[in-house]
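Chemist: Here you go, one structure.
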Amino acid sequence: MTSKKTLAGSLLSLSTGLLLAVSAIGGATASSATSQDSTQLQVASTPVSSPQGYWTPERMRAAVPGDVLAAKAVARQDNKGPSSDAAVESGALTRFAGTAAQTTVTTALHTNEAPVKHIGKVFFTLAGNNYVCSGNSVAARNKSLVATAGHCVNEGPGAFATNWVFVPGYVNGTAPYGQWPARSLHAARNWTSGGDIRYDTGFAVVARVGGKYLADVVGASGVEFNQPRGLTYKSFGYPAAAPFTGQTLVSCTGAARDDTINPQFNSQGISCDMTGGSSGGPWFAQGDTDAASGAGGFQNSVNSYGYGTNSTTMFGPFWGSTTMKVYDSAQRK
């Protein structure tokens, strides 16, 4: 664990000509143009094979918390002051409704350690090392989308992950809903090419398992963008660094406040002591009249970073128009 533990970073706006990197795991890339809201987005993608059989219980237990991958990005931008493009993103509040699972939820939902069907652990390989993060199934056209941290899909800057799988509802070493391998990974090019911590959010499109879509099996959270700052959130994750074990789900709730140590990150923090391994876990806005409380509401951030090995604040990125563009590109795959 580094002196600054990071779990996914803050997002800021890009120009309307934003370049996105949408790369599949461990493969060559090819560029193509697509139109979205009159904005031309350059994306790259390639099909990949499934890492079926790679993630044994032993490898899962030995995986390293993925926060170490984001530490270099935080260190690179730490205390450098506001950047020239550090304006807060603006745009109309946008929401995409979630979908219910086709099967009945049988496990009671608790705010601390009860498993939640659509929230799970993410396992992947980078530079020959196995890592673990957290993630969440989110509503999408393809019914196969997982939201997580950018550093849980790409080195930032550098290579995309291999052997990437999502294990929803993970608890005590079991995968009650199976392992869902990614067929493509998605992040803003500012992260994949520049390692800019403000754009440290990622999405994975997973393959069908047993002929079924992820959202039909575990459900999918709604997502929303350009929400006001300072809301009260409930975040979830699987912290694996001490004193946690990574075997059960943990949640934190609190009113969001700005990062005063590095305001250029444009992130917000809530009171929380989750450690590495919770990277990429979802944040749900509380008190929204159109969203249920707890893990049944709309997601609009992920676990980001904290300061020190005993951090009591978890920071999350602002999900604005940039994140929405990455999301929309991914949900069309």
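Quick note on naming: the chains in the structure tokens go A, B, ... in the order shown, residues restart at 1 in each chain, and ligands are numbered from 1 in order of appearance.
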Excluding same-chain residues fewer than 5 positions from A:Asn142, what lies within 8 Å of it counting only C-alpha atoms, as a list in words?

Modeler: Gln331, Arg332 and Lys333 of chain A

Chemist: Include N, CA and C atoms and write out the residues we just selected as a PDB file, in the first residue's frame.

Modeler:
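Contents of the output file again00.pdb:
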ATOM      1  N   GLN A 331     -22.013   1.425 -24.267  1.00  0.00           N
ATOM      2  CA  GLN A 331     -23.299   0.722 -24.265  1.00  0.00           C
ATOM      3  C   GLN A 331     -23.766   0.348 -25.666  1.00  0.00           C
ATOM      4  N   ARG A 332     -23.136   0.915 -26.687  1.00  0.00           N
ATOM      5  CA  ARG A 332     -23.497   0.610 -28.069  1.00  0.00           C
ATOM      6  C   ARG A 332     -22.714  -0.573 -28.632  1.00  0.00           C
ATOM      7  N   LYS A 333     -21.751  -1.083 -27.868  1.00  0.00           N
ATOM      8  CA  LYS A 333     -20.917  -2.188 -28.358  1.00  0.00           C
ATOM      9  C   LYS A 333     -21.616  -3.529 -28.190  1.00  0.00           C
TER      10      LYS A 333
END

Chemist: If we count only C-alpha atoms, what is near A:Gly156 at a cut-off of 7 Å, once residues fewer than 5 positions away on the same chain are taken out, given as a list in words?

Modeler: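 Contacts, in chain order: His151, Trp191, Thr192, Ser193, Gly194 and Gly195 of chain A.
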
Chemist: May I have the residues within 9 Å of A:Arg229 as a ChimeraX atom specification, using only C-alpha atoms and disregarding those fewer than 4 positions away in the same chain?

Modeler: /A:256-258,268,318

Chemist: In terms of the shortest atom-to-atom distance over only C-alpha atoms, which of A:Gln264, A:Thr162, A:Thr201, A:Ser251 is closest to A:Ala114?

Modeler: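 When distances to A:Ala114 are compared using only C-alpha atoms, the smallest one comes from A:Ser251.
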
Chemist: If you run DSSP on this backbone, which residues of stretch 199-264 of chain A come out as strand (DSSP E or B), and could you give them as a list in words?

Modeler: Thr201, Gly202, Phe203, Ala204, Val205, Val206, Val209, Lys212, Ala220, Ser221, Gly222, Val223, Glu224, Phe225, Thr232, Tyr233, Lys234, Ser235, Phe236, Gly237, Val250, Ser251, Cys252, Thr253, Gly254, Ala255, Arg257 and Asp258 of chain A

Chemist: Smallest atom-to-atom distance to A:Gly308: which of A:Arg198, A:Ala71, A:Arg59, A:Val209, using only C-alpha atoms?

Modeler: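 Smallest distance to A:Gly308 is found for A:Ala71.
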
Chemist: Please provide as a ChimeraX atom specification all residues within 12 Å of A:Ser279, with the sequence filter that same-chain residues fewer than 2 positions apart are discarded (counting only C-alpha atoms).

Modeler: /A:5-9,64-71,120-123,131-136,147-153,200-202,235-241,246,274-277,281-283,301-306,314-317

Chemist: Which is closest to A:Pro168 among A:Thr323, A:Ala215, A:Cys272, A:Lys234, if we use only C-alpha atoms?

Modeler: A:Ala215

Chemist: Could you tell me how far atom CA of A:Val171 lies from atom CA of A:Thr248, in Å and to one decimal?

Modeler: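 So the two atoms, atom CA of A:Val171 and atom CA of A:Thr248, lie 5.2 Å apart.
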
Chemist: Provide the atom CA of A:Asn190 to atom CA of A:Pro157 distance in Å, to one decimal place.

Modeler: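 Result for atom CA of A:Asn190 versus atom CA of A:Pro157: 8.4 Å, one decimal.
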
Chemist: Using only C-alpha atoms, which of the listed residues (A:Thr125, A:Ser137, A:Asn130, A:Asn163) sits closest to A:Pro51?

Modeler: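 Result for the nearest residue to A:Pro51: A:Asn163.
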
Chemist: Please identify all polymer residues within 10 Å of stretch 175-183 of chain A, counting only C-alpha atoms, omitting same-chain residues fewer than 2 positions from it, and present them as a ChimeraX atom specification.

Modeler: /A:23-25,45-53,55,57,117-118,120-124,144-146,161-173,185,203-210,213-214,217-218,333

Chemist: Just to confirm, what's the straight-line distance from atom CA of A:Tyr307 to atom CA of A:Gly280 in Å (one decimal)?

Modeler: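 If I compute the distance from atom CA of A:Tyr307 to atom CA of A:Gly280, I get 16.5 Å.
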
Chemist: Between A:Ala285, A:Ala139, A:Cys252, A:Ala159, which residue has the minimum interatomic distance to A:Ala330, considering only C-alpha atoms?

Modeler: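 The shortest atom-to-atom distance to A:Ala330 comes from A:Ala139.
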
Chemist: Have a look at A:Phe244, A:Phe225, A:Tyr233, A:Phe298 and name the one nearest to A:Val326; count only C-alpha atoms.

Modeler: A:Phe225
